[in-house]
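Data from structure14.txt: compact mmCIF, C-alpha atoms
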# COMPACT_ATOMS: atom_id res chain seq x y z
CA MET A 1 -14.28 10.98 -15.88
CA SER A 2 -14.64 13.61 -13.18
CA GLY A 3 -15.62 12.80 -9.61
CA GLU A 4 -13.41 9.72 -9.52
CA SER A 5 -11.81 9.18 -6.17
CA VAL A 6 -10.38 6.42 -4.00
CA ARG A 7 -9.50 7.24 -0.42
CA ILE A 8 -8.38 5.51 2.77
CA ALA A 9 -9.98 7.15 5.81
CA ALA A 10 -8.86 7.01 9.44
CA GLY A 11 -12.07 8.66 10.70
CA ALA A 12 -15.83 8.33 10.17
CA ILE A 13 -17.13 8.39 6.57
CA ASP A 14 -19.76 11.07 5.86
CA THR A 15 -21.81 8.99 3.42
CA ALA A 16 -24.30 11.81 2.74
CA ALA A 17 -21.54 14.23 1.73
CA GLU A 18 -19.78 11.55 -0.34
CA THR A 19 -23.03 10.68 -2.16
CA ARG A 20 -23.73 14.35 -2.87
CA ALA A 21 -20.25 14.86 -4.34
CA VAL A 22 -20.77 11.93 -6.71
CA ALA A 23 -24.30 13.03 -7.71
CA GLU A 24 -23.04 16.54 -8.48
CA ALA A 25 -19.99 15.41 -10.49
CA ALA A 26 -21.76 15.91 -13.84
CA SER A 27 -25.03 17.48 -14.98
CA ASN A 28 -26.17 14.50 -17.03
CA ILE A 29 -26.06 12.00 -14.13
CA GLY A 30 -29.40 10.23 -13.82
CA ALA A 31 -28.55 7.46 -11.38
CA VAL A 32 -26.35 7.16 -8.29
CA VAL A 33 -25.94 3.80 -6.56
CA THR A 34 -24.28 3.67 -3.16
CA PHE A 35 -23.14 0.76 -1.02
CA SER A 36 -22.17 1.00 2.64
CA GLY A 37 -20.48 -1.91 4.38
CA ILE A 38 -21.30 -1.68 8.09
CA CYS A 39 -19.48 -3.17 11.07
CA ARG A 40 -21.77 -5.85 12.59
CA ALA A 41 -22.02 -6.40 16.35
CA ASP A 42 -21.18 -10.06 15.89
CA GLU A 43 -18.69 -12.10 13.91
CA LYS A 44 -19.66 -15.75 13.30
CA GLY A 45 -22.11 -15.70 16.21
CA ALA A 46 -19.73 -14.14 18.73
CA GLN A 47 -20.30 -10.60 20.03
CA ILE A 48 -17.58 -8.14 19.08
CA SER A 49 -16.77 -4.74 20.53
CA ALA A 50 -14.87 -3.47 17.48
CA LEU A 51 -13.06 -4.38 14.30
CA TYR A 52 -9.50 -3.34 13.68
CA LEU A 53 -8.73 -2.77 9.98
CA GLU A 54 -5.14 -3.00 8.74
CA HIS A 55 -4.10 -2.16 5.16
CA TYR A 56 -1.08 -2.10 2.85
CA PRO A 57 -0.65 1.62 2.14
CA GLY A 58 -0.21 2.35 -1.53
CA MET A 59 -1.24 -1.09 -2.73
CA ALA A 60 -4.73 -0.81 -1.23
CA GLU A 61 -5.46 2.42 -3.12
CA GLN A 62 -3.80 1.07 -6.28
CA GLU A 63 -5.87 -2.15 -6.29
CA ILE A 64 -9.16 -0.30 -5.81
CA GLU A 65 -8.21 2.28 -8.44
CA SER A 66 -7.42 -0.42 -10.99
CA HIS A 67 -10.86 -1.99 -10.49
CA VAL A 68 -12.62 1.39 -10.66
CA GLU A 69 -10.74 1.90 -13.93
CA GLU A 70 -11.87 -1.54 -15.15
CA ALA A 71 -15.48 -0.72 -14.19
CA ARG A 72 -15.21 2.50 -16.18
CA LYS A 73 -14.21 0.48 -19.27
CA ARG A 74 -17.16 -1.89 -18.86
CA TRP A 75 -19.93 0.61 -18.02
CA PRO A 76 -20.59 4.24 -19.00
CA LEU A 77 -19.83 5.77 -15.60
CA MET A 78 -19.75 9.49 -14.97
CA ALA A 79 -18.31 9.27 -11.48
CA ALA A 80 -17.15 6.70 -8.96
CA ARG A 81 -15.97 7.01 -5.40
CA VAL A 82 -14.62 4.51 -2.90
CA VAL A 83 -13.75 5.32 0.71
CA HIS A 84 -12.38 2.58 2.99
CA ARG A 85 -11.84 2.95 6.73
CA VAL A 86 -8.75 1.71 8.56
CA GLY A 87 -8.01 1.48 12.27
CA ARG A 88 -10.58 0.78 14.98
CA ILE A 89 -14.22 0.62 13.84
CA GLU A 90 -17.17 0.06 16.18
CA PRO A 91 -20.42 -1.78 15.37
CA GLY A 92 -22.76 0.43 13.36
CA GLU A 93 -19.94 2.42 11.75
CA THR A 94 -19.31 2.36 8.00
CA ILE A 95 -16.26 0.30 6.98
CA VAL A 96 -16.48 0.89 3.24
CA PHE A 97 -18.48 3.19 1.01
CA VAL A 98 -18.86 2.84 -2.77
CA ALA A 99 -20.79 5.20 -5.03
CA THR A 100 -21.18 5.01 -8.80
CA ALA A 101 -22.98 7.43 -11.09
CA SER A 102 -24.28 7.01 -14.60
CA ALA A 103 -27.02 8.31 -16.89
CA HIS A 104 -29.16 5.26 -16.12
CA ARG A 105 -29.44 2.89 -13.17
CA GLU A 106 -28.27 -0.40 -14.72
CA ALA A 107 -24.66 0.67 -15.25
CA ALA A 108 -24.46 2.26 -11.79
CA PHE A 109 -25.87 -0.85 -10.04
CA GLN A 110 -23.59 -3.28 -11.87
CA ALA A 111 -20.45 -1.17 -11.54
CA ALA A 112 -20.96 -0.76 -7.78
CA GLU A 113 -21.32 -4.51 -7.35
CA PHE A 114 -18.30 -5.20 -9.56
CA ILE A 115 -16.10 -2.77 -7.59
CA MET A 116 -17.20 -4.25 -4.23
CA ASP A 117 -16.68 -7.86 -5.36
CA TYR A 118 -13.12 -7.13 -6.43
CA LEU A 119 -12.37 -4.94 -3.44
CA LYS A 120 -13.28 -7.85 -1.11
CA THR A 121 -10.93 -10.32 -2.79
CA SER A 122 -8.02 -8.24 -4.08
CA ALA A 123 -7.60 -5.06 -2.04
CA PRO A 124 -5.07 -5.61 0.78
CA PHE A 125 -7.11 -4.99 3.93
CA TRP A 126 -7.35 -7.31 6.94
CA LYS A 127 -9.89 -7.37 9.77
CA ARG A 128 -9.22 -8.33 13.35
CA ALA A 129 -12.19 -8.69 15.67
CA GLU A 130 -12.05 -7.51 19.29
CA GLY A 131 -14.52 -8.86 21.82
CA GLY A 132 -14.85 -10.61 25.16
CA GLY A 133 -11.21 -9.89 25.95
CA LYS A 134 -10.14 -11.86 22.87
CA GLU A 135 -8.78 -10.77 19.52
CA ALA A 136 -8.86 -12.83 16.35
CA TRP A 137 -8.12 -12.24 12.68
CA VAL A 138 -11.21 -12.67 10.52
CA ASP A 139 -10.96 -15.54 8.01
CA ALA A 140 -11.42 -14.95 4.29
CA ASN A 141 -14.77 -16.05 2.89
CA GLU A 142 -14.93 -18.39 -0.13
CA LYS A 143 -18.28 -16.86 -1.04
CA ASP A 144 -16.40 -13.61 -1.79
CA ASP A 145 -14.06 -15.42 -4.21
CA ARG A 146 -17.06 -16.85 -6.09
CA ALA A 147 -18.71 -13.43 -6.23
CA ALA A 148 -15.63 -11.96 -7.92
CA GLU A 149 -15.29 -14.95 -10.29
CA ARG A 150 -18.61 -14.26 -12.01
CA TRP A 151 -17.32 -11.03 -13.61
CA LYS A 152 -14.54 -12.85 -15.52
CA MET B 1 15.79 -6.91 -0.64
CA LYS B 2 13.02 -5.44 1.45
CA ILE B 3 10.18 -7.64 2.74
CA VAL B 4 7.04 -6.30 4.43
CA TYR B 5 4.54 -8.34 6.46
CA PHE B 6 0.88 -7.80 7.33
CA ALA B 7 -1.85 -9.05 9.68
CA TRP B 8 -1.09 -12.35 11.45
CA LEU B 9 2.17 -12.81 9.54
CA ARG B 10 3.40 -9.52 10.99
CA GLU B 11 2.27 -10.61 14.46
CA ARG B 12 3.84 -14.07 14.28
CA LEU B 13 7.16 -12.60 13.11
CA ASP B 14 6.86 -9.59 15.42
CA LYS B 15 8.10 -7.29 12.65
CA THR B 16 6.55 -5.11 9.96
CA GLU B 17 9.51 -5.20 7.59
CA GLU B 18 13.10 -6.32 7.17
CA GLU B 19 16.01 -6.40 4.74
CA VAL B 20 17.07 -9.90 3.69
CA ASP B 21 19.81 -11.29 1.49
CA PRO B 22 18.77 -14.73 0.24
CA PRO B 23 21.26 -16.97 -1.62
CA PRO B 24 21.21 -16.86 -5.45
CA SER B 25 19.43 -20.25 -5.56
CA VAL B 26 16.31 -18.53 -4.21
CA GLN B 27 14.65 -17.25 -7.38
CA THR B 28 10.88 -17.33 -6.88
CA ILE B 29 8.36 -16.20 -4.26
CA GLY B 30 7.75 -19.85 -3.34
CA GLU B 31 11.46 -20.49 -2.88
CA LEU B 32 11.77 -17.31 -0.83
CA MET B 33 9.03 -18.58 1.53
CA ASP B 34 10.85 -21.93 1.86
CA TRP B 35 14.07 -20.10 2.65
CA LEU B 36 12.45 -17.74 5.16
CA LYS B 37 10.98 -20.76 6.93
CA THR B 38 14.50 -21.93 7.81
CA ARG B 39 15.41 -18.66 9.55
CA GLY B 40 14.00 -19.53 12.96
CA GLU B 41 11.10 -20.76 15.01
CA GLU B 42 8.90 -17.71 14.41
CA TYR B 43 9.44 -18.00 10.64
CA ALA B 44 8.63 -21.72 10.67
CA TYR B 45 5.40 -20.83 12.51
CA ALA B 46 4.50 -17.88 10.25
CA PHE B 47 5.16 -19.76 7.01
CA ASP B 48 3.84 -23.10 8.28
CA ASN B 49 1.18 -23.27 5.54
CA PRO B 50 2.48 -21.36 2.48
CA LYS B 51 -0.71 -22.21 0.56
CA VAL B 52 -2.69 -19.65 2.56
CA ILE B 53 -0.08 -16.90 2.19
CA ARG B 54 -0.43 -14.30 -0.56
CA ALA B 55 2.41 -12.26 -2.00
CA ALA B 56 2.97 -9.01 -3.85
CA ILE B 57 6.01 -7.64 -5.65
CA ASP B 58 6.19 -3.84 -5.76
CA LYS B 59 2.52 -3.66 -4.71
CA THR B 60 1.20 -6.00 -7.42
CA HIS B 61 -0.27 -9.45 -6.60
CA VAL B 62 1.98 -12.32 -7.74
CA ARG B 63 1.84 -16.11 -7.67
CA PRO B 64 4.43 -18.36 -5.95
CA GLU B 65 6.13 -19.01 -9.32
CA ALA B 66 6.90 -15.29 -9.77
CA LYS B 67 10.62 -14.43 -10.06
CA ILE B 68 11.98 -12.16 -7.35
CA ALA B 69 14.92 -10.78 -9.37
CA GLY B 70 14.74 -6.98 -9.51
CA ALA B 71 12.02 -6.74 -6.86
CA GLY B 72 12.11 -3.54 -4.82
CA GLU B 73 9.60 -4.55 -2.14
CA ILE B 74 8.13 -7.99 -1.53
CA ALA B 75 5.03 -8.31 0.66
CA PHE B 76 3.61 -11.40 2.38
CA PHE B 77 0.09 -11.41 3.84
CA PRO B 78 -2.94 -13.62 4.56
CA PRO B 79 -5.99 -13.72 2.24
CA MET B 80 -7.66 -10.31 2.26
CA THR B 81 -10.72 -9.56 4.40
CA GLY B 82 -11.56 -5.92 3.70
CA GLY B 83 -14.85 -4.36 2.68
Rewritten as structure tokens:
Amino acid sequence: MSGESVRIAAGAIDTAAETRAVAEAASNIGAVVTFSGICRADEKGAQISALYLEHYPGMAEQEIESHVEEARKRWPLMAARVVHRVGRIEPGETIVFVATASAHREAAFQAAEFIMDYLKTSAPFWKRAEGGGKEAWVDANEKDDRAAERWK
Amino acid sequence: MKIVYFAWLRERLDKTEEEVDPPPSVQTIGELMDWLKTRGEEYAYAFDNPKVIRAAIDKTHVRPEAKIAGAGEIAFFPPMTGG
């Protein structure tokens, strides 16, 4: 599969350029699905000024790559791309970007959801919220575990 | 063996990594956490609730029963919150 790529980014993600690269990866692509996870201005009702994203270098890429590979086995993908930010991220900025391409939309939609569900629960990234002079690590969400469970 | 720590575990221990030499009786990830807990106040605090701590051996997720023999790098971290 060409156009496959997993990347950790320290700076802003150019989602338009990333989408174009995936759409142009093969001439028989008929559907591109993209997902952008955006930093909210609040975390559990409290205003935040930024999120700080920490990751386990090497393992983070490896975990995402293994789930992109698994998605490729389940659906006829022609390209897939995942870019995940680390470091300080302000509200409105993209934290994670996923794009999948296939001949038809169904495979692209499902594969994008599958990759995101597993990324949330198995890729080693951690969020710390900054706001109001306080800093706190964001708790894991059980809803994310259930979302990943349904693909088993 | 080398141990690396992330997120609030790293903060509570005030270190990103260290070399440790546990006794031969320490054979699994769970036993390693129990042993680490005895190494001082900050360890007791960091490993206070081992149930919420995840582990990886050589960058692959493992369960507490996993054997540590032959491990190059062991990682301890809280549940993941990326995406």
Who sits within 7 Å of Gly30 in chain A, all atoms listed in the file, same chain under 6 positions skipped, as a PDB file with C-alpha atoms, keeping the file's coordinate frame:
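File written: around08.pdb
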ATOM      1  CA  SER A 102     -24.280   7.010 -14.600  1.00  0.00           C
ATOM      2  CA  ALA A 103     -27.020   8.310 -16.890  1.00  0.00           C
ATOM      3  CA  HIS A 104     -29.160   5.260 -16.120  1.00  0.00           C
TER       4      HIS A 104
END
For CA of Arg12 in chain B and CA of Trp137 in chain A, the interatomic separation in Å (one decimal): 12.2 Å
Identify all chain A residues at most 10 Å from chain B by counting all atoms listed in the file; ligands do not count. Present them as a ChimeraX atom specification. /A:36-39,53-60,62-63,83-86,94-98,116-128,136-141,144
Nearest to His67 in chain A, chosen from A:Val22, A:Ala12, A:Ala148, A:Ile115, with all atoms listed in the file counted in the distances: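 Comparing A:Val22, A:Ala12, A:Ala148, A:Ile115 against His67 in chain A, the winner is A:Ile115.
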Between CA of Ala50 in chain A and CA of Glu65 in chain A, what is the spacing in Å? 27.4 Å
Using only C-alpha atoms, determine which residues lie at most 10 Å from Glu135 in chain A, disregarding the query and same-chain residues fewer than 5 positions distant; provide the list as a ChimeraX atom specification. /A:48,50-52,128-130
Find the residues around Trp35 in chain B up to 10 Å (only C-alpha atoms counted), leave out those fewer than 2 positions away in its own chain, and share them as a PyMOL selection string. chain B and resi 22-23+25-26+29-33+37-39+43-44+47
Can you tell me how far CA of Arg7 in chain A sits from CA of Gly92 in chain A, in Å to one decimal?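 So the answer is 20.3 Å.
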N, CA and C atoms are what I want for range 2-26 of chain B; can you complete it accordingly and write them as a PDB file, in the coordinates of the input?
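Result file is selection-v7.pdb:
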ATOM      1  N   LYS B   2      13.909  -5.805   0.352  1.00  0.00           N
ATOM      2  CA  LYS B   2      13.020  -5.440   1.450  1.00  0.00           C
ATOM      3  C   LYS B   2      11.771  -6.335   1.446  1.00  0.00           C
ATOM      4  N   ILE B   3      11.411  -6.850   2.616  1.00  0.00           N
ATOM      5  CA  ILE B   3      10.180  -7.640   2.740  1.00  0.00           C
ATOM      6  C   ILE B   3       9.285  -6.958   3.769  1.00  0.00           C
ATOM      7  N   VAL B   4       7.998  -6.855   3.458  1.00  0.00           N
ATOM      8  CA  VAL B   4       7.040  -6.300   4.430  1.00  0.00           C
ATOM      9  C   VAL B   4       5.993  -7.366   4.754  1.00  0.00           C
ATOM     10  N   TYR B   5       5.492  -7.332   5.985  1.00  0.00           N
ATOM     11  CA  TYR B   5       4.540  -8.340   6.460  1.00  0.00           C
ATOM     12  C   TYR B   5       3.280  -7.674   7.002  1.00  0.00           C
ATOM     13  N   PHE B   6       2.137  -8.348   6.828  1.00  0.00           N
ATOM     14  CA  PHE B   6       0.880  -7.800   7.330  1.00  0.00           C
ATOM     15  C   PHE B   6       0.067  -8.821   8.120  1.00  0.00           C
ATOM     16  N   ALA B   7      -0.863  -8.280   8.917  1.00  0.00           N
ATOM     17  CA  ALA B   7      -1.850  -9.050   9.680  1.00  0.00           C
ATOM     18  C   ALA B   7      -1.171 -10.122  10.541  1.00  0.00           C
ATOM     19  N   TRP B   8      -1.672 -11.382  10.509  1.00  0.00           N
ATOM     20  CA  TRP B   8      -1.090 -12.350  11.450  1.00  0.00           C
ATOM     21  C   TRP B   8       0.330 -12.755  11.111  1.00  0.00           C
ATOM     22  N   LEU B   9       0.760 -12.535   9.866  1.00  0.00           N
ATOM     23  CA  LEU B   9       2.170 -12.810   9.540  1.00  0.00           C
ATOM     24  C   LEU B   9       3.069 -11.823  10.288  1.00  0.00           C
ATOM     25  N   ARG B  10       2.663 -10.568  10.277  1.00  0.00           N
ATOM     26  CA  ARG B  10       3.400  -9.520  10.990  1.00  0.00           C
ATOM     27  C   ARG B  10       3.456  -9.843  12.485  1.00  0.00           C
ATOM     28  N   GLU B  11       2.314 -10.302  13.033  1.00  0.00           N
ATOM     29  CA  GLU B  11       2.270 -10.610  14.460  1.00  0.00           C
ATOM     30  C   GLU B  11       3.138 -11.814  14.820  1.00  0.00           C
ATOM     31  N   ARG B  12       3.050 -12.867  13.979  1.00  0.00           N
ATOM     32  CA  ARG B  12       3.840 -14.070  14.280  1.00  0.00           C
ATOM     33  C   ARG B  12       5.338 -13.800  14.209  1.00  0.00           C
ATOM     34  N   LEU B  13       5.738 -12.908  13.276  1.00  0.00           N
ATOM     35  CA  LEU B  13       7.160 -12.600  13.110  1.00  0.00           C
ATOM     36  C   LEU B  13       7.597 -11.454  14.017  1.00  0.00           C
ATOM     37  N   ASP B  14       6.605 -10.750  14.579  1.00  0.00           N
ATOM     38  CA  ASP B  14       6.860  -9.590  15.420  1.00  0.00           C
ATOM     39  C   ASP B  14       7.706  -8.541  14.690  1.00  0.00           C
ATOM     40  N   LYS B  15       7.437  -8.368  13.380  1.00  0.00           N
ATOM     41  CA  LYS B  15       8.100  -7.290  12.650  1.00  0.00           C
ATOM     42  C   LYS B  15       7.261  -6.885  11.441  1.00  0.00           C
ATOM     43  N   THR B  16       7.331  -5.599  11.100  1.00  0.00           N
ATOM     44  CA  THR B  16       6.550  -5.110   9.960  1.00  0.00           C
ATOM     45  C   THR B  16       7.351  -5.197   8.671  1.00  0.00           C
ATOM     46  N   GLU B  17       8.681  -5.105   8.796  1.00  0.00           N
ATOM     47  CA  GLU B  17       9.510  -5.200   7.590  1.00  0.00           C
ATOM     48  C   GLU B  17      10.939  -5.556   7.954  1.00  0.00           C
ATOM     49  N   GLU B  18      11.682  -6.005   6.956  1.00  0.00           N
ATOM     50  CA  GLU B  18      13.100  -6.320   7.170  1.00  0.00           C
ATOM     51  C   GLU B  18      13.826  -6.361   5.834  1.00  0.00           C
ATOM     52  N   GLU B  19      15.151  -6.253   5.910  1.00  0.00           N
ATOM     53  CA  GLU B  19      16.010  -6.400   4.740  1.00  0.00           C
ATOM     54  C   GLU B  19      16.585  -7.809   4.795  1.00  0.00           C
ATOM     55  N   VAL B  20      16.491  -8.561   3.697  1.00  0.00           N
ATOM     56  CA  VAL B  20      17.070  -9.900   3.690  1.00  0.00           C
ATOM     57  C   VAL B  20      17.980 -10.058   2.477  1.00  0.00           C
ATOM     58  N   ASP B  21      18.877 -11.037   2.578  1.00  0.00           N
ATOM     59  CA  ASP B  21      19.810 -11.290   1.490  1.00  0.00           C
ATOM     60  C   ASP B  21      19.842 -12.786   1.198  1.00  0.00           C
ATOM     61  N   PRO B  22      18.828 -13.291   0.489  1.00  0.00           N
ATOM     62  CA  PRO B  22      18.770 -14.730   0.240  1.00  0.00           C
ATOM     63  C   PRO B  22      19.846 -15.182  -0.741  1.00  0.00           C
ATOM     64  N   PRO B  23      20.249 -16.458  -0.683  1.00  0.00           N
ATOM     65  CA  PRO B  23      21.260 -16.970  -1.620  1.00  0.00           C
ATOM     66  C   PRO B  23      20.723 -16.948  -3.053  1.00  0.00           C
ATOM     67  N   PRO B  24      21.633 -16.965  -4.052  1.00  0.00           N
ATOM     68  CA  PRO B  24      21.210 -16.860  -5.450  1.00  0.00           C
ATOM     69  C   PRO B  24      20.268 -17.997  -5.900  1.00  0.00           C
ATOM     70  N   SER B  25      20.299 -19.128  -5.181  1.00  0.00           N
ATOM     71  CA  SER B  25      19.430 -20.250  -5.560  1.00  0.00           C
ATOM     72  C   SER B  25      17.948 -19.946  -5.311  1.00  0.00           C
ATOM     73  N   VAL B  26      17.687 -18.932  -4.498  1.00  0.00           N
ATOM     74  CA  VAL B  26      16.310 -18.530  -4.210  1.00  0.00           C
ATOM     75  C   VAL B  26      15.845 -17.558  -5.298  1.00  0.00           C
TER      76      VAL B  26
END
